[in-house]
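Since the structure comes first, as structure tokens, the remarks are kept for the end.
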Amino acid sequence: MTRGNARRTGRILGALAAAALLFALLESGIERRIGADLFLPFRDGQFLPGRAARMGAWLVLCLAAALTDRGRSYSARLRSALRKDRYCWLAAAALTGLFFLWASRVTVPSFMTSDEVGILGSIRSVPTRGLRGATATFSHVLFCGLIGSFYSIDPDFWWYTCYHFVIIALSLTIIGRCVFLLLRDSRWVLVAGTAIHALTCAGIFMYTIAELSFTVTPAVAGCGAVALVLCRGKTDSRAGHICTDAASVILMLLCILQRKDTGQCLLCFFSLAVGYQCLRTVLDRGKGWPGRLAAVACVFLAVMALFSASKYVTRSTSLARNGAFSSAESARSRVVDFLIEDMTDEDFESVGIPPELGKLLRGWFFMDERITTDTLRDLARSYSARHKSELQEQPEAASLSTSVITLLAKIQDDPQMLWRALCLVSLLGLTVGLVWYAGKARWLELLCALCAVGGAGILLLYLVIQGRFPTRVFLVVVLPALVTVLLMALTAASPSSSGGHQTFSLVLAGLFAAAAALCCCVSLFHVPHVLDAATPDDLFGRERATEDYANAHPDTLFITNIYDNNLDPFHDSHYPSNRDLWGDGGDTYRTEGRLYADAFFRDDVRFMTDDVSSVVLLMQYLTLDYGPVQALVEAQLQGNVYIFRISRIGPADPDYTGWHEQNGMTYYFRNGEALTGEQTIDREEYTFSPIGGNSQFAASRSPEGLIYFTNAYSLISPEA
């Protein structure tokens with residue numbers, strides 16, 4: 001690099017840094033003075049004209065500055081700089097940084113599901129237990145080992161959360177760089193590129209910042225890898241080709257290791273990108289095209305080889321997951337994740353599970369010796385056999401049409417899904433229009449876009465048929481499809497042929513910006529804890545209260561039924577070790593030494609829940625084997641979390657026969673066993689509530705707190 005080029009680079013870097021610093025200072029100053037967020041005309045679901053006017057004033061000021069002689073001069077320099085790959089990287093990184101700054105002001109990032117706690121536990125155990133401590137998670141053992149090694153440096157730092165942010169920031173920078181590369185020959189590169197990338201971040205990827213997920217973050221990494229392959233031919237130098245090829249392989253590897261199912265989905269889009277790049281290389285036949293074709297093929301082979309190697313490592317003797325765990329997890333997933341909501345009492349009873357236990361099983365309760373891997377498999381087989389005849393009676397076409405209608409209904413019911421689906425369809429329509437305008441020269445881009453959208457539709461339909469379709473699963477499929485179609489639309493709008501195409505690229509930027517802006521608004525108003533007044537203390541107060549209570553009672557084991565979706569990602573070192581979910585996370589049906597229902601009666605065990613109805617179900621289930629029980633509230637924590645002590649009701653003498661009164665309820669025991677049904681006692685007929693029949697639950701106050709008790713064995717009425 002010559003001295004002149006170095007000075008020019010320094011001036012541009014200085015200008016970018018000064019602009020970012022000025023933006024941060026202005027925003028912070030306005031926030032401190034009037035408590036407002038710059039460029040944010042909404043608050044608590046309301047449109048604020050004053051903030052909108054200020055935002056418009058800033059835009060007009062920027063436009064006026066750009067129209068001055070000096071402004072046009074700087075704009076020309078920036079456009080000239082953006083013709084080079086390194087400045088496209090810088091511009092994309094600057095916009096991504098501003099997006100993260102803005103996102104930090106409008107949302108409080110959290111973990112999307114409680115599954116992250118289990119992953120954190122395995123990752124944090126790596127420095128002490130090695131890779132064997134990371135064999136029972138949703139992520140690959142090598143991924144846990146990679147992130148876990150950082151915890152040996154500082155065990156209290158939030159390395160796992162930091163990884164999420166680094167991957168998202170890197171992938172968004174890559175996508176922005178590809179946008180600027182594809183527009184660099186246009187005179188609108190600065191305006192169009194900035195609008196597209198900024199609103200791609202804020203509109204399409206906002207959800208991935210607000211709700212961190214081990215399922216979605218690898219999809220974002222895969223999006224970066226797909227973008228690198230799609231824009232491979234735009235790189236300026238051979239070194240750039242090598243670096244981008246290596247980055248695409250690394251991102252795909254991280255995607256596969258963090259979440260295998262996500263990695264398999266992204267492999268479809270990655271394969272599509274490789275196929276497009278190979279065909280484009282053959283069709284263009286530029287200088288050295290056989291070498292470029294071989295390089296793309298090597299990238300694909302490297303990814304597939306690493307994918308196969310990761311599967312081999314998983315199966316290897318030294319690092320494999322426990323076989324019993326894998327079998328149990330597969331059986332659990334099939335039943336609890338997909339089939340349980342449609343199962344009836346008859347389905348449970350067919351495998352020896354009473355209805356009371358079946359109701360708890362729907363809430364992920366596994367503390368029963370009847371809940372085994374074989375039982376879950378038998379339950380799935382019984383359910384499939386019971387409903388097989390119903391499925392066979394449906395014509396295949398009717399079943400497919402029903403699945404399509406179900407898919408459309410699910411997308412329509414979720415604003416996040418709906419607006420991203422509309423954005424994807426709109427982008428496809430724009431691509432069709434651009435290819436029609438360009439003629440046959442861009443048929444390959446249209447084919448790639450159609451394959452991306454069609455493949456996404458097939459994947460979504462498959463997931464709906466499987467029976468599990470949360471928002472995060474939708475994002476895994478749609479995010480790479482959106483990136484693929486966007487880059488194909490920009491490629492089809494290449495301004496190299498005519499000035500009219502430059503106008504088309506600007507129209508494309510404007511329309512996509514409008515669609516992404518709508519997605520941004522949806523994200524702002526339909527993602528929890530975005531654009532509300534919640535602080536981290538408000539959002540994670542319940543989680544911290546339960547952790548503090550558990551840490552304050554280290555000799556007590558807390559069996560919990562709390563499924564918080566908003567988990568603080570910045571204090572992963574404080575998760576107490578004396579808490580165990582009643583089935584979801586504690587290997588309670590997979591290992592020796594598992595907990596059974598009688599553990600609730602131990603003096604050192606308490607039940608922690610935020611759902612009082614679960615106490616009723618639990619007591620109804622416990623009465624099957626242990627007779628009358630009661631639950632006494634010992635404490636109430638923030639967020640309506642209760643700590644219960646559960647105990648049996650009955651006389652101290654195991655051979656007691658006669659009437660027993662406790663907590664205002666009357667029971668009759670014979671040799672220590674409570675009677676049910678119709679019984680003759682002292683020549684009088686009595687009716688006792690049968691288990692699972694008319695048993696009801698009541699509540700009363702005591703000096704100690706709130707007591708819940710069951711009358712499943714109580715006296716109903718004497719009969720003459």
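We name chains A, B, ... following the order of the structure tokens; residues begin at 1 in each chain, and ligands are numbered from 1 as shown.
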Go through segment 258-442 of chain A and collect every residue that DSSP, computed from the backbone, puts in helix (DSSP H, G or I); the answer should be as a short mmCIF file (atom, residue, chain, number, x, y, z; two decimals) with C-alpha atoms, in the first residue's frame.
```cif
data_model
loop_
_atom_site.label_atom_id
_atom_site.label_comp_id
_atom_site.auth_asym_id
_atom_site.auth_seq_id
_atom_site.Cartn_x
_atom_site.Cartn_y
_atom_site.Cartn_z
CA GLN A 258 -23.65 -25.80 18.10
CA LYS A 260 -26.88 -30.47 14.66
CA ASP A 261 -30.48 -30.08 13.48
CA THR A 262 -29.88 -26.43 12.58
CA GLY A 263 -26.68 -27.41 10.80
CA GLN A 264 -28.47 -29.99 8.69
CA CYS A 265 -31.04 -27.39 7.65
CA LEU A 266 -28.34 -24.85 6.77
CA LEU A 267 -26.45 -27.48 4.78
CA CYS A 268 -29.35 -27.43 2.33
CA PHE A 269 -28.94 -23.69 1.70
CA PHE A 270 -25.14 -23.98 1.72
CA SER A 271 -25.35 -26.71 -0.92
CA LEU A 272 -27.65 -24.48 -2.97
CA ALA A 273 -25.12 -21.62 -2.73
CA VAL A 274 -22.28 -23.92 -3.80
CA GLY A 275 -24.33 -25.21 -6.74
CA TYR A 276 -25.16 -21.65 -7.82
CA GLN A 277 -21.53 -20.57 -7.59
CA CYS A 278 -20.32 -23.58 -9.58
CA LEU A 279 -22.87 -22.99 -12.37
CA ARG A 280 -22.14 -19.25 -12.46
CA THR A 281 -18.41 -19.96 -12.71
CA VAL A 282 -18.95 -22.38 -15.61
CA LEU A 283 -21.33 -20.00 -17.42
CA ASP A 284 -19.10 -16.94 -17.07
CA TRP A 289 -12.35 -20.51 -14.16
CA PRO A 290 -11.31 -24.18 -13.65
CA GLY A 291 -9.32 -23.15 -10.57
CA ARG A 292 -12.22 -21.18 -9.16
CA LEU A 293 -14.55 -24.11 -9.77
CA ALA A 294 -12.14 -26.47 -8.01
CA ALA A 295 -11.87 -24.07 -5.06
CA VAL A 296 -15.65 -23.94 -4.60
CA ALA A 297 -15.81 -27.73 -4.79
CA CYS A 298 -13.06 -27.97 -2.15
CA VAL A 299 -15.02 -25.67 0.17
CA PHE A 300 -18.07 -27.90 -0.12
CA LEU A 301 -16.07 -31.09 0.35
CA ALA A 302 -14.34 -29.60 3.39
CA VAL A 303 -17.68 -28.78 5.01
CA MET A 304 -19.10 -32.23 4.30
CA ALA A 305 -15.92 -33.90 5.56
CA LEU A 306 -16.04 -31.93 8.80
CA PHE A 307 -19.73 -32.74 9.17
CA SER A 308 -19.01 -36.45 8.78
CA ALA A 309 -16.05 -36.19 11.15
CA SER A 310 -18.23 -34.53 13.80
CA LYS A 311 -20.67 -37.44 13.59
CA TYR A 312 -17.79 -39.91 13.90
CA VAL A 313 -16.46 -38.10 16.98
CA THR A 314 -19.93 -38.26 18.53
CA ARG A 315 -20.03 -42.02 18.00
CA GLY A 323 -25.92 -44.61 24.96
CA ALA A 324 -28.74 -44.79 27.48
CA PHE A 325 -29.00 -41.01 27.48
CA SER A 326 -29.22 -40.84 23.69
CA SER A 327 -31.92 -43.52 23.56
CA ALA A 328 -33.91 -41.92 26.37
CA GLU A 329 -33.62 -38.46 24.83
CA SER A 330 -34.85 -39.75 21.49
CA ALA A 331 -37.86 -41.46 23.08
CA ARG A 332 -38.63 -38.42 25.26
CA SER A 333 -38.43 -36.03 22.33
CA ARG A 334 -40.79 -38.08 20.20
CA VAL A 335 -43.45 -38.27 22.93
CA VAL A 336 -43.19 -35.03 24.91
CA ASP A 337 -42.18 -32.68 22.08
CA PHE A 338 -44.54 -33.94 19.40
CA LEU A 339 -47.29 -36.32 20.49
CA ILE A 340 -48.21 -35.64 24.11
CA GLU A 341 -50.75 -32.86 23.54
CA ASP A 342 -52.93 -35.14 21.38
CA ASP A 345 -56.18 -41.15 28.97
CA GLU A 346 -56.67 -44.33 26.94
CA ASP A 347 -53.27 -43.84 25.30
CA PHE A 348 -51.59 -43.56 28.71
CA GLU A 349 -53.47 -46.47 30.25
CA PRO A 355 -54.33 -40.63 33.96
CA GLU A 356 -53.04 -38.67 36.97
CA LEU A 357 -49.45 -39.40 35.93
CA GLY A 358 -50.31 -38.70 32.30
CA LYS A 359 -51.42 -35.18 33.22
CA LEU A 360 -48.09 -34.56 34.92
CA LEU A 361 -46.20 -36.08 32.01
CA THR A 373 -37.24 -45.29 27.87
CA ASP A 374 -39.14 -48.47 26.99
CA THR A 375 -42.39 -47.02 28.32
CA LEU A 376 -42.00 -43.88 26.23
CA ARG A 377 -41.27 -45.95 23.15
CA ASP A 378 -44.29 -48.16 23.81
CA LEU A 379 -46.41 -45.05 24.33
CA ALA A 380 -45.33 -43.65 20.96
CA ARG A 381 -46.00 -47.01 19.25
CA SER A 382 -49.39 -47.36 20.92
CA TYR A 383 -50.39 -43.87 19.91
CA SER A 384 -49.24 -44.43 16.32
CA ALA A 385 -51.06 -47.75 16.09
CA ARG A 386 -54.23 -46.29 17.60
CA HIS A 387 -54.34 -43.43 15.11
CA LYS A 388 -52.88 -45.25 12.12
CA SER A 389 -56.26 -46.29 10.83
CA GLU A 390 -57.46 -42.69 10.98
CA LEU A 391 -54.47 -41.51 8.97
CA GLN A 392 -54.91 -44.27 6.40
CA GLU A 393 -58.50 -43.22 5.81
CA GLU A 396 -52.79 -38.33 0.61
CA ALA A 397 -53.79 -35.16 -1.23
CA ALA A 398 -56.21 -34.22 1.53
CA SER A 399 -53.52 -34.81 4.17
CA LEU A 400 -51.05 -32.62 2.25
CA SER A 401 -53.58 -29.86 1.78
CA THR A 402 -54.41 -30.01 5.48
CA SER A 403 -50.72 -29.63 6.33
CA VAL A 404 -50.41 -26.64 4.01
CA ILE A 405 -53.45 -24.99 5.61
CA THR A 406 -51.98 -25.68 9.06
CA LEU A 407 -48.67 -24.11 8.01
CA LEU A 408 -50.37 -20.97 6.69
CA ALA A 409 -52.49 -20.70 9.84
CA LYS A 410 -49.45 -20.94 12.11
CA ILE A 411 -47.59 -18.30 10.11
CA GLN A 412 -50.60 -16.00 10.14
CA ASP A 413 -51.00 -16.32 13.91
CA PRO A 415 -46.45 -11.69 13.63
CA GLN A 416 -42.76 -12.60 13.53
CA MET A 417 -43.45 -15.41 11.08
CA LEU A 418 -46.00 -13.49 9.04
CA TRP A 419 -43.92 -10.41 8.22
CA ARG A 420 -40.77 -12.35 7.46
CA ALA A 421 -42.74 -14.65 5.17
CA LEU A 422 -44.24 -11.63 3.39
CA CYS A 423 -40.79 -10.07 3.10
CA LEU A 424 -39.46 -13.29 1.57
CA VAL A 425 -42.29 -13.51 -0.95
CA SER A 426 -41.89 -9.81 -1.84
CA LEU A 427 -38.18 -10.28 -2.43
CA LEU A 428 -38.91 -13.23 -4.71
CA GLY A 429 -41.37 -11.10 -6.67
CA LEU A 430 -38.73 -8.36 -7.02
CA THR A 431 -36.22 -10.94 -8.24
CA VAL A 432 -38.66 -12.15 -10.88
CA GLY A 433 -39.18 -8.56 -12.07
CA LEU A 434 -35.45 -7.85 -12.17
CA VAL A 435 -34.69 -11.02 -14.12
CA TRP A 436 -37.50 -10.26 -16.55
CA TYR A 437 -35.96 -6.82 -17.05
CA ALA A 438 -32.42 -8.21 -17.44
CA GLY A 439 -33.40 -10.97 -19.83
CA LYS A 440 -31.90 -14.43 -20.06
CA ALA A 441 -28.56 -13.34 -18.61
CA ARG A 442 -29.87 -13.63 -15.04
#
```
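When only C-alpha atoms are used to compute distances to Tyr596 of chain A, the closest of the residues A:Lys84, A:Arg77, A:Arg370, A:Arg683 turns out to be A:Arg370.
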